[in-house]
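See below for the structure under consideration.
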Amino acid sequence: MNEQTVRVVEIKQLTPRIKSLRLVSANENQLAAFSPGSHVAVAIPVEQKTKRNSYSLCSSPYKTDVYEIAVLLTENSRGGSEYLHQISVGTELKLGMPKNSFALASLARKHLLIAGGIGITPFLSILATLNRLQIPFELHYAAESPTECAFYEFLQERYSSQIKFYFSHLNNRLDPKQILKEQPLGTHVYLCTPPSLSEDILNTAQSLGYPDAAIHRELFGAVKSNKTKPFTAVLAQSETEIKVPKDKTLLEALEAANIPANYSCRAGGCGACEVKVLAGEIKHLDSYYSPEERAEQDRILACISRAKSKQLVIDI
Ligand code: FES
């Protein structure tokens with residue numbers, strides 16, 4: 001079973017820009033089990049094509065009959081979030097099988113979870129698990145305001161003593177140093193925030209001596225650089241060329257040319273869109289490869305990274 005068909009049974013407006021969808025199996029099949037932190041790819045019809053957007057599963061992994069996802073309506077939507085904000089109860093959707101690129105570290109002494117905005121979503125299934133297994137954790141959750149804070153009441157009711165909220169509109173901002181310096185040895189840190197906040201937390205954690213293996217990131221919203229340049233991708237196997245304009249990723253350019261390409265997170269964090277590079281210089285923008293892997297200059301994550309040279313010859 002590589003795909004599941006589900007039906008929307010409930011839609012809730014969580015904040016002015018975030019809706020949650022409750023999904024059950026549309027046939028008699030059981031929904032696939034998932035581990036805390038997992039996401040699913042949702043097939044979405046956009047301009048006569050099918051796009052797949054990944055959404056974290058917000059329901060408890062212990063509930064096997066329902067999935068819940070939360071969708072932020074984004075301004076630069078590629079059509080996915082807009083579609084999911086327009087559908088109604090009864091709509092059927094196709095989903096991929098759950099995947100996890102944000103798994104809990106089993107050896108951690110404590111789990112420190114840091115969420116920003118819609119980045120709260122992978123933590124819902126993680127919280128359900130940590131709470132059930134009585135494993136120590138704390139969650140720090142930054143949002144613009146209580147009105148823009150998805151799952152605010154639910155989280156307050158269920159985990160009030162383990163959660164701290166930060167609202168930028170109330171001038172109450174998350175201070176990475178303050179949070180990180182107070183943790184016991186053996187704490188693992190999990191980040192799902194916009195890239196700028198993640199970078200800040202990451203740098204602070206490194207300066208305080210947290211080992212790299214104790215820091216886990218789930219990316220959303222690829223880093224937008226205003227310094228990107230167009231380049232040409234030469235497809236070695238088919239001996240064709242495609243242009244990658246400055247406002248499109250290599251993955252988007254491949255899709256626009258109807259060339260099949262794998263992907264999952266579309267944010268440089270999971271490795272699913274990896275393509276072998278035969279010639280040319282790569283500008284790595286992902287958070288997936290180690291510095292050593294980057295230096296080899298032989299693989300690129302097509303959803304985010306680009307060429308430094310004018311051309312990149314790829315093994316497609
Ligand atoms: S799709 Fe996940 S890294 Fe590109």
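Following the order of the structure tokens, chains are lettered A, B, ..., residues in each are numbered from 1, and ligands are numbered from 1.
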
**Q.** Residue contacts of A:Ala272 (10 Å, only C-alpha atoms) excluding same-chain residues fewer than 2 positions away, as a VMD selection string
**A.** chain A and resid 261 to 266 268 to 270 274 to 275 301 to 303

(Q) At a cut-off of 10 Å, using only C-alpha atoms, what residues contact stretch 16-33 of chain A? Leave out same-chain residues fewer than 5 positions from it and give the result as a PyMOL selection string. (A) chain A and resi 1-11+38+58-59+61-74+81+84-85+87-94+96-98+117-118+147-151

Put those residues in a file: C-alpha atoms, as a PDB file, in the first residue's frame.
```pdb
ATOM      1  CA  MET A   1       0.000   0.000   0.000  1.00  0.00           C
ATOM      2  CA  ASN A   2       1.751   3.202  -1.154  1.00  0.00           C
ATOM      3  CA  GLU A   3      -1.210   5.483  -1.115  1.00  0.00           C
ATOM      4  CA  GLN A   4      -4.196   5.930   1.139  1.00  0.00           C
ATOM      5  CA  THR A   5      -7.556   7.465   0.263  1.00  0.00           C
ATOM      6  CA  VAL A   6      -9.090   9.496   3.060  1.00  0.00           C
ATOM      7  CA  ARG A   7     -12.250  11.535   3.510  1.00  0.00           C
ATOM      8  CA  VAL A   8     -12.432  14.884   5.293  1.00  0.00           C
ATOM      9  CA  VAL A   9     -14.855  14.517   8.214  1.00  0.00           C
ATOM     10  CA  GLU A  10     -14.265  17.781  10.053  1.00  0.00           C
ATOM     11  CA  ILE A  11     -12.745  21.177   9.299  1.00  0.00           C
ATOM     12  CA  SER A  38       5.706  12.032  11.059  1.00  0.00           C
ATOM     13  CA  CYS A  58      -1.106  16.393  14.394  1.00  0.00           C
ATOM     14  CA  SER A  59      -3.226  13.550  15.768  1.00  0.00           C
ATOM     15  CA  PRO A  61      -0.039   8.145  17.051  1.00  0.00           C
ATOM     16  CA  TYR A  62      -2.098   6.051  19.461  1.00  0.00           C
ATOM     17  CA  LYS A  63      -5.295   6.799  17.523  1.00  0.00           C
ATOM     18  CA  THR A  64      -5.392   4.526  14.538  1.00  0.00           C
ATOM     19  CA  ASP A  65      -8.715   5.556  12.997  1.00  0.00           C
ATOM     20  CA  VAL A  66      -8.099   9.244  12.329  1.00  0.00           C
ATOM     21  CA  TYR A  67      -5.446  11.626  11.041  1.00  0.00           C
ATOM     22  CA  GLU A  68      -5.413  15.351  11.635  1.00  0.00           C
ATOM     23  CA  ILE A  69      -3.406  17.879   9.658  1.00  0.00           C
ATOM     24  CA  ALA A  70      -3.248  21.680   9.952  1.00  0.00           C
ATOM     25  CA  VAL A  71      -2.804  23.869   6.891  1.00  0.00           C
ATOM     26  CA  LEU A  72      -1.531  27.433   6.839  1.00  0.00           C
ATOM     27  CA  LEU A  73      -2.841  29.530   3.970  1.00  0.00           C
ATOM     28  CA  THR A  74       0.376  30.950   2.575  1.00  0.00           C
ATOM     29  CA  SER A  81      -2.731  25.442   0.815  1.00  0.00           C
ATOM     30  CA  LEU A  84      -7.010  22.663   1.109  1.00  0.00           C
ATOM     31  CA  HIS A  85      -8.569  25.843   2.494  1.00  0.00           C
ATOM     32  CA  ILE A  87     -12.459  22.009   0.207  1.00  0.00           C
ATOM     33  CA  SER A  88     -15.417  20.949   2.321  1.00  0.00           C
ATOM     34  CA  VAL A  89     -16.356  18.025   4.562  1.00  0.00           C
ATOM     35  CA  GLY A  90     -16.822  14.896   2.447  1.00  0.00           C
ATOM     36  CA  THR A  91     -13.945  15.654   0.024  1.00  0.00           C
ATOM     37  CA  GLU A  92     -11.693  12.679  -0.639  1.00  0.00           C
ATOM     38  CA  LEU A  93      -7.924  13.082  -0.719  1.00  0.00           C
ATOM     39  CA  LYS A  94      -5.031  10.815  -1.647  1.00  0.00           C
ATOM     40  CA  GLY A  96       1.236   9.004   0.752  1.00  0.00           C
ATOM     41  CA  MET A  97       2.376   6.759   3.564  1.00  0.00           C
ATOM     42  CA  PRO A  98       3.599   8.515   6.727  1.00  0.00           C
ATOM     43  CA  GLY A 117       3.950  29.547  14.160  1.00  0.00           C
ATOM     44  CA  ILE A 118       2.725  26.626  12.034  1.00  0.00           C
ATOM     45  CA  THR A 147      -5.337  34.691  18.018  1.00  0.00           C
ATOM     46  CA  GLU A 148      -2.642  33.513  15.586  1.00  0.00           C
ATOM     47  CA  CYS A 149      -1.543  30.672  17.861  1.00  0.00           C
ATOM     48  CA  ALA A 150      -2.898  27.360  16.542  1.00  0.00           C
ATOM     49  CA  PHE A 151      -3.995  24.815  19.190  1.00  0.00           C
TER      50      PHE A 151
END
```

Q | Selection: 10 Å around A:His169, only C-alpha atoms, excl. self and same-chain fewer than 2 positions, as a ChimeraX atom specification | A | /A:143-146,166-167,171-173

Q: Please provide the set of residues having any atom within 12 Å of stretch 251-256 of chain A, restricted to only C-alpha atoms, with same-chain residues fewer than 3 positions apart removed, written as a PyMOL selection string.
A: chain A and resi 47-52+78+230-235+240-248+259-268+272-275+300-306+314+316

Q: Select, from A:Glu182, A:Asp200, A:Glu281, A:Asp286, the residue with the minimum atom-to-atom distance to ligand 1, counting only C-alpha atoms and all ligand atoms.
A: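 Result for the nearest residue to ligand 1: A:Asp286.
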
Q: For each of A:Leu127, A:Leu14, A:Glu199, A:Asn100, take the minimum atom-to-atom distance to ligand 1, counting only C-alpha atoms and all ligand atoms, then give the residue where this is smallest.
A: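 Looking at the shortest contact to ligand 1, the residue is A:Asn100.
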
Q.
Between A:Gln134, A:Thr129, A:Ser106, A:Thr249, which residue has the minimum interatomic distance to A:Thr187, considering only C-alpha atoms?
A.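 That would be A:Ser106, the residue with the smallest distance to A:Thr187.
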